[in-house]
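Undergrad: The following block contains the structure, expressed as structure tokens.
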Amino acid sequence: MPAAISNLNSFSINSNSFLFSRSNIPQALSRSTSSTSQSTLPLPSTSAAVCYGPSDLRVDSRPLWPPAPGEATIALGPTGLCGSDLHYYTHGRNGDFALRAPLVLGHEAAGTVTALGPGVTNLRVGQRVAVECGVMCGDCNKCKEGRYNLCKGMRFASSAKTFPHLDGTLQERMNHPAHLLHPIPENVSLELAALAEPLSVLIHAARRVGLSSKDSTSTTTPKTVLVFGVGAIGLLACTLARARGATRVVALDINQQRLAFAQSNGLADATYCLPLSNKTKSAGATQEEKLLAAKENIMAALQHFDAPDGFDVVFECTGAEPCIQMSIHACATGGRIMLIGMGTSNITLPLSAAATREVDILGSFRYANTYPEALQLLSSGELRGIEKLITHRYRLEDAKEAFELMRRGRDEKGGLVIKVMVGGNASTSGN
């Protein structure tokens, strides 16, 4: 097996030089030129959007194996593109996780069951299902505790963390463990059901900060909520907080167009545009000066919101150091901060401002046991304006164009890009 590739700005991958797991065997076979032992009928094929390296995305035709015991074959609907998908497309890596073989991207998807492997009894052919893409070991302590999102043996579709990689959902059909396929309510489209994945991220985070579902036995009082960053995840945080009974939801960003989208669609009660940082000036600033600037900026925002005591819950969805610093000052005494955005690994924080006011700073990683609730919420109509998050749709064969749109952040008309859907029933490219 080749060593990891160090220069990801200029590499190309020869897939025949890698060892493949069963999930990657079809990819290897699709590039075989001949075989003296082929005496069986050829496998059916499926088209897939495969990332080979930075800006190198190809739509390949690949054989599809029959479902193994415990698996089902799904005809996939639209896949929602995620920020992690964009990182793989742009850089050939997502943080520390670099591509070591071609990888099918995408993990926000739903589809229709077309075949069942031996032993599958929880599904039927023709059933519509949402795809939970993290395949846990099921045997470790975290899995047995129900916190399988922390399973060290987790293989996540479209992630390069483990090798061989597990292919994602940007393909026409795929096989997947049947117990990770969740039935979709009749009134929820495949497109909306794909949002069960990012919504699950927020449901898991909301549970950790005490924003309980309406049918919960929790006696906690309603919360005021502040959200840093109103991309797709931040906007979902806003609409989920509303559904969970938050008395006030406000949002901050550096992009006025995104903030206007949030407020005009009823996703936030109020918004505030933070000043853009002067990178030249901040590059020479001391840590103390940066911390002071963050405090001054958030104090101006709190004054704008007429919230001098801060907010009970803060969702930090940017991963940016100044926003994490600001979140501590924005959080009310005894409140909770949920870190969702992933940015720089090491940052400087005003910890005394948190410790002396008993502000809890919590982390959240993916989700566990959330899909049934996510699908129920999508069916209930409680998530006001959620369908408006889907701004653009592309066919699978136009996947590269969809990624380029995400990279630009605006379409050719200057329109805002929030959630881009690729494949499935997206019959026309663009909006």
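Residues in the structure tokens are named by chain (A, B, ... in the order shown) and by number from 1 within that chain; ligands are numbered from 1 in the order shown.
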DSSP on the backbone: what in region 289-389 of chain A comes out strand (DSSP E), as a list in words?
TA: Phe311, Asp312, Val313, Val314, Phe315, Glu316, Cys331, Ala332, Thr333, Gly334, Gly335, Arg336, Ile337, Met338, Leu339, Asp360, Ile361, Leu362 and Gly363 of chain A
Undergrad: For Ala72 (chain A), list every protein, DNA or RNA residue within 9 Å, evaluated using only C-alpha atoms, and leave out those in the same chain fewer than 2 positions away; present the list as a short mmCIF file (atom, residue, chain, number, x, y, z; two decimals) with N, CA and C atoms, in the first residue's frame.
TA:
```
data_model
loop_
_atom_site.label_atom_id
_atom_site.label_comp_id
_atom_site.auth_asym_id
_atom_site.auth_seq_id
_atom_site.Cartn_x
_atom_site.Cartn_y
_atom_site.Cartn_z
N PRO A 66 -24.33 -7.08 -5.52
CA PRO A 66 -25.57 -7.40 -4.82
C PRO A 66 -25.41 -7.10 -3.33
N PRO A 67 -26.48 -6.74 -2.62
CA PRO A 67 -26.35 -6.43 -1.19
C PRO A 67 -25.91 -7.64 -0.39
N ALA A 68 -24.98 -7.42 0.52
CA ALA A 68 -24.47 -8.48 1.40
C ALA A 68 -25.49 -8.75 2.50
N PRO A 69 -25.30 -9.80 3.29
CA PRO A 69 -26.19 -10.04 4.43
C PRO A 69 -26.28 -8.81 5.32
N GLY A 70 -27.50 -8.41 5.66
CA GLY A 70 -27.71 -7.24 6.51
C GLY A 70 -27.73 -5.93 5.77
N ILE A 74 -30.08 0.82 -2.33
CA ILE A 74 -30.93 2.00 -2.38
C ILE A 74 -30.71 2.74 -3.69
N VAL A 113 -35.55 1.80 -1.42
CA VAL A 113 -34.98 0.45 -1.36
C VAL A 113 -35.35 -0.31 -2.64
N THR A 114 -34.33 -0.88 -3.30
CA THR A 114 -34.57 -1.66 -4.52
C THR A 114 -34.24 -3.14 -4.36
N ALA A 115 -33.47 -3.50 -3.35
CA ALA A 115 -33.13 -4.91 -3.12
C ALA A 115 -32.72 -5.10 -1.67
N LEU A 116 -32.96 -6.30 -1.16
CA LEU A 116 -32.62 -6.64 0.22
C LEU A 116 -31.62 -7.78 0.25
N GLY A 117 -30.60 -7.63 1.10
CA GLY A 117 -29.65 -8.71 1.30
C GLY A 117 -30.22 -9.77 2.22
N VAL A 120 -32.37 -9.43 5.99
CA VAL A 120 -32.96 -8.11 6.24
C VAL A 120 -34.47 -8.25 6.36
N LEU A 123 -37.00 -3.83 6.46
CA LEU A 123 -37.32 -2.98 5.32
C LEU A 123 -38.04 -3.80 4.26
N VAL A 125 -38.81 -3.74 -0.22
CA VAL A 125 -38.51 -3.14 -1.52
C VAL A 125 -39.57 -2.09 -1.83
N MET A 174 -26.49 2.51 -4.15
CA MET A 174 -25.45 2.05 -3.25
C MET A 174 -26.02 1.00 -2.31
N ASN A 175 -25.13 0.21 -1.72
CA ASN A 175 -25.50 -0.74 -0.68
C ASN A 175 -25.15 -0.14 0.68
N HIS A 176 -26.00 -0.41 1.68
CA HIS A 176 -25.77 0.17 3.00
C HIS A 176 -26.41 -0.72 4.05
N PRO A 177 -25.83 -0.76 5.28
CA PRO A 177 -26.45 -1.57 6.34
C PRO A 177 -27.91 -1.19 6.55
N ALA A 178 -28.77 -2.20 6.58
CA ALA A 178 -30.22 -1.95 6.65
C ALA A 178 -30.62 -1.26 7.95
N LEU A 181 -30.87 2.56 7.80
CA LEU A 181 -31.81 3.14 6.84
C LEU A 181 -33.14 3.37 7.55
#
```
Undergrad: Within 9 Å of Gly334 (chain A), counting only C-alpha atoms, which residues qualify if same-chain residues fewer than 2 places away don't, as a list in words?
TA: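 Surrounding residues, per the criterion: Asp312, Cys331, Ala332, Arg336, Ala354, Arg357, Glu358, Val359 and Asp360 of chain A.
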Undergrad: What's the 6 Å shell around Val129 (chain A), counting only C-alpha atoms, without same-chain residues fewer than 2 positions away, as a ChimeraX atom specification?
TA: /A:110-111,181-184
Undergrad: If you keep N, CA and C atoms, can you produce a file of those selected residues as an mmCIF file, in the first residue's frame?
TA:
```cif
data_model
loop_
_atom_site.group_PDB
_atom_site.id
_atom_site.type_symbol
_atom_site.label_atom_id
_atom_site.label_comp_id
_atom_site.auth_asym_id
_atom_site.auth_seq_id
_atom_site.Cartn_x
_atom_site.Cartn_y
_atom_site.Cartn_z
ATOM 1 N N ALA A 110 -31.251 10.491 0.946
ATOM 2 C CA ALA A 110 -32.344 9.548 1.155
ATOM 3 C C ALA A 110 -32.591 8.854 -0.174
ATOM 4 N N GLY A 111 -33.331 7.771 -0.140
ATOM 5 C CA GLY A 111 -33.582 7.043 -1.375
ATOM 6 C C GLY A 111 -34.664 6.002 -1.203
ATOM 7 N N LEU A 181 -30.872 2.562 7.804
ATOM 8 C CA LEU A 181 -31.808 3.144 6.842
ATOM 9 C C LEU A 181 -33.140 3.371 7.552
ATOM 10 N N HIS A 182 -33.578 4.625 7.594
ATOM 11 C CA HIS A 182 -34.713 5.007 8.430
ATOM 12 C C HIS A 182 -35.931 5.358 7.572
ATOM 13 N N PRO A 183 -37.070 4.722 7.819
ATOM 14 C CA PRO A 183 -38.278 4.986 7.030
ATOM 15 C C PRO A 183 -38.686 6.458 7.068
ATOM 16 N N ILE A 184 -39.093 6.963 5.915
ATOM 17 C CA ILE A 184 -39.471 8.366 5.766
ATOM 18 C C ILE A 184 -40.991 8.500 5.839
#
```
Undergrad: State, in Å with one decimal place, the distance from CA of Glu186 (chain A) to CA of Gln127 (chain A).
TA: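 So the answer is 10.2 Å.
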Undergrad: If DSSP is run on the backbone, what residues of region 270-361 of chain A are helix (DSSP H, G or I)? A reply as a short mmCIF file (atom, residue, chain, number, x, y, z; two decimals) with N, CA and C atoms, in the first residue's frame would be ideal.
TA:
```
data_model
loop_
_atom_site.label_atom_id
_atom_site.label_comp_id
_atom_site.auth_asym_id
_atom_site.auth_seq_id
_atom_site.Cartn_x
_atom_site.Cartn_y
_atom_site.Cartn_z
N LYS A 279 -7.39 41.98 8.53
CA LYS A 279 -6.37 40.94 8.68
C LYS A 279 -4.97 41.52 8.80
N THR A 280 -4.73 42.62 8.08
CA THR A 280 -3.40 43.23 8.16
C THR A 280 -3.15 43.77 9.57
N LYS A 281 -4.17 44.41 10.13
CA LYS A 281 -4.03 44.96 11.48
C LYS A 281 -3.97 43.86 12.52
N SER A 282 -4.85 42.85 12.39
CA SER A 282 -4.91 41.80 13.40
C SER A 282 -3.68 40.92 13.37
N ALA A 283 -3.00 40.84 12.22
CA ALA A 283 -1.81 40.00 12.13
C ALA A 283 -0.72 40.49 13.07
N GLN A 287 -2.26 39.00 21.55
CA GLN A 287 -3.42 38.21 21.94
C GLN A 287 -4.38 39.04 22.80
N GLU A 288 -3.81 39.88 23.66
CA GLU A 288 -4.65 40.71 24.52
C GLU A 288 -5.48 41.69 23.68
N GLU A 289 -4.87 42.24 22.64
CA GLU A 289 -5.59 43.18 21.77
C GLU A 289 -6.70 42.46 20.99
N LYS A 290 -6.43 41.24 20.55
CA LYS A 290 -7.46 40.46 19.84
C LYS A 290 -8.62 40.11 20.75
N LEU A 291 -8.31 39.72 21.98
CA LEU A 291 -9.36 39.39 22.94
C LEU A 291 -10.21 40.61 23.27
N LEU A 292 -9.55 41.76 23.39
CA LEU A 292 -10.28 42.99 23.69
C LEU A 292 -11.19 43.37 22.52
N ALA A 293 -10.68 43.22 21.29
CA ALA A 293 -11.50 43.55 20.11
C ALA A 293 -12.73 42.65 20.04
N ALA A 294 -12.54 41.36 20.34
CA ALA A 294 -13.68 40.43 20.33
C ALA A 294 -14.72 40.83 21.36
N LYS A 295 -14.25 41.21 22.54
CA LYS A 295 -15.18 41.62 23.60
C LYS A 295 -15.94 42.88 23.21
N GLU A 296 -15.24 43.84 22.64
CA GLU A 296 -15.89 45.09 22.24
C GLU A 296 -16.93 44.84 21.15
N ASN A 297 -16.60 43.97 20.19
CA ASN A 297 -17.53 43.68 19.10
C ASN A 297 -18.81 43.01 19.61
N ILE A 298 -18.67 42.07 20.53
CA ILE A 298 -19.87 41.37 21.00
C ILE A 298 -20.68 42.26 21.94
N MET A 299 -20.02 43.13 22.67
CA MET A 299 -20.76 44.05 23.53
C MET A 299 -21.63 44.98 22.69
N ALA A 300 -21.12 45.39 21.53
CA ALA A 300 -21.92 46.22 20.63
C ALA A 300 -23.13 45.44 20.12
N ALA A 301 -22.92 44.15 19.84
CA ALA A 301 -24.03 43.31 19.37
C ALA A 301 -25.08 43.13 20.46
N LEU A 302 -24.64 42.89 21.69
CA LEU A 302 -25.58 42.71 22.79
C LEU A 302 -26.39 43.98 23.04
N GLN A 303 -25.74 45.12 22.86
CA GLN A 303 -26.46 46.39 22.99
C GLN A 303 -27.51 46.52 21.89
N HIS A 304 -27.14 46.10 20.67
CA HIS A 304 -28.08 46.14 19.55
C HIS A 304 -29.30 45.26 19.83
N GLU A 321 -11.89 31.75 15.48
CA GLU A 321 -11.41 32.10 16.81
C GLU A 321 -12.11 33.33 17.39
N PRO A 322 -12.27 34.44 16.65
CA PRO A 322 -12.93 35.60 17.26
C PRO A 322 -14.37 35.29 17.69
N CYS A 323 -15.06 34.45 16.91
CA CYS A 323 -16.46 34.13 17.27
C CYS A 323 -16.52 33.26 18.52
N ILE A 324 -15.59 32.35 18.68
CA ILE A 324 -15.57 31.52 19.89
C ILE A 324 -15.25 32.40 21.10
N GLN A 325 -14.33 33.35 20.91
CA GLN A 325 -14.03 34.29 21.99
C GLN A 325 -15.26 35.11 22.35
N MET A 326 -15.95 35.60 21.33
CA MET A 326 -17.15 36.41 21.56
C MET A 326 -18.25 35.61 22.23
N SER A 327 -18.34 34.32 21.91
CA SER A 327 -19.43 33.51 22.46
C SER A 327 -19.38 33.45 23.98
N ILE A 328 -18.19 33.49 24.55
CA ILE A 328 -18.07 33.45 26.01
C ILE A 328 -18.68 34.70 26.63
N HIS A 329 -18.41 35.85 26.04
CA HIS A 329 -18.97 37.09 26.57
C HIS A 329 -20.46 37.21 26.25
N ALA A 330 -20.90 36.54 25.18
CA ALA A 330 -22.31 36.62 24.78
C ALA A 330 -23.20 35.70 25.60
N LEU A 351 -10.90 32.40 29.34
CA LEU A 351 -11.52 31.36 30.16
C LEU A 351 -12.00 31.87 31.51
N SER A 352 -11.35 32.88 32.05
CA SER A 352 -11.81 33.39 33.35
C SER A 352 -13.22 33.95 33.24
N ALA A 353 -13.56 34.51 32.07
CA ALA A 353 -14.91 35.05 31.87
C ALA A 353 -15.94 33.94 31.82
N ALA A 354 -15.50 32.73 31.51
CA ALA A 354 -16.41 31.57 31.53
C ALA A 354 -16.44 30.93 32.91
N ALA A 355 -15.26 30.70 33.48
CA ALA A 355 -15.18 29.96 34.75
C ALA A 355 -15.85 30.70 35.90
#
```
Undergrad: Nearest residue to Glu397 (chain A) out of A:Thr73, A:Ser379, A:Gln171, A:Thr121, using only C-alpha atoms?
TA: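 Between A:Thr73, A:Ser379, A:Gln171, A:Thr121, the residue approaching Glu397 (chain A) most closely is A:Gln171.
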Undergrad: Using only C-alpha atoms, which protein or nucleic acid residues come within 12 Å of Ala368 (chain A)? Drop anything in the same chain fewer than 2 positions from it, and give the result as a PDB file with C-alpha atoms, in the first residue's frame.
TA:
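Here's the written file out_10.pdb:
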```
ATOM      1  CA  GLU A 132     -27.499   7.389   8.217  1.00  0.00           C
ATOM      2  CA  CYS A 133     -23.942   7.308   6.904  1.00  0.00           C
ATOM      3  CA  GLY A 134     -21.884   6.455  10.006  1.00  0.00           C
ATOM      4  CA  VAL A 135     -21.246   2.709  10.284  1.00  0.00           C
ATOM      5  CA  MET A 136     -20.313   1.934  13.880  1.00  0.00           C
ATOM      6  CA  LYS A 142     -19.336   3.806  23.482  1.00  0.00           C
ATOM      7  CA  CYS A 143     -21.577   1.852  21.115  1.00  0.00           C
ATOM      8  CA  LYS A 144     -23.027  -0.103  24.039  1.00  0.00           C
ATOM      9  CA  GLU A 145     -23.663   3.176  25.894  1.00  0.00           C
ATOM     10  CA  GLY A 146     -25.632   4.455  22.910  1.00  0.00           C
ATOM     11  CA  ARG A 147     -22.979   7.079  22.118  1.00  0.00           C
ATOM     12  CA  TYR A 148     -21.942   5.397  18.897  1.00  0.00           C
ATOM     13  CA  ASN A 149     -20.942   8.721  17.354  1.00  0.00           C
ATOM     14  CA  LEU A 150     -17.799   8.377  19.520  1.00  0.00           C
ATOM     15  CA  CYS A 151     -17.021   4.841  18.292  1.00  0.00           C
ATOM     16  CA  MET A 154     -16.640   4.298  13.061  1.00  0.00           C
ATOM     17  CA  LEU A 180     -28.982   2.508   9.309  1.00  0.00           C
ATOM     18  CA  GLU A 197     -28.487  14.382   8.311  1.00  0.00           C
ATOM     19  CA  LEU A 199     -30.612  18.370  11.183  1.00  0.00           C
ATOM     20  CA  SER A 200     -29.342  15.420  13.237  1.00  0.00           C
ATOM     21  CA  VAL A 201     -26.161  17.373  13.954  1.00  0.00           C
ATOM     22  CA  LEU A 202     -28.291  20.117  15.512  1.00  0.00           C
ATOM     23  CA  ILE A 203     -30.620  17.746  17.376  1.00  0.00           C
ATOM     24  CA  HIS A 204     -27.609  16.102  19.023  1.00  0.00           C
ATOM     25  CA  ALA A 205     -26.124  19.509  19.887  1.00  0.00           C
ATOM     26  CA  ARG A 207     -29.791  17.785  23.520  1.00  0.00           C
ATOM     27  CA  ARG A 208     -26.372  18.516  24.971  1.00  0.00           C
ATOM     28  CA  SER A 364     -20.574  18.091  19.800  1.00  0.00           C
ATOM     29  CA  PHE A 365     -19.494  15.477  17.249  1.00  0.00           C
ATOM     30  CA  ARG A 366     -21.943  14.276  14.605  1.00  0.00           C
ATOM     31  CA  THR A 370     -31.350  11.235  16.155  1.00  0.00           C
ATOM     32  CA  TYR A 371     -32.793  10.165  12.802  1.00  0.00           C
ATOM     33  CA  PRO A 372     -36.297   9.172  13.987  1.00  0.00           C
ATOM     34  CA  GLU A 373     -36.692  12.550  15.702  1.00  0.00           C
ATOM     35  CA  ALA A 374     -35.260  14.411  12.699  1.00  0.00           C
TER      36      ALA A 374
END
```
Undergrad: Find, counting only C-alpha atoms, the residue in A:Gly92, A:Gly423, A:Gly341, A:Pro42 that gets nearest to Tyr394 (chain A).
TA: A:Gly423
Undergrad: Which one of A:Gly363, A:Pro185, A:Gly168, A:Gly245 sits closest to Ile337 (chain A) if you count only C-alpha atoms?
TA: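 Once distances to Ile337 (chain A) are computed over only C-alpha atoms, the minimum belongs to A:Gly363.
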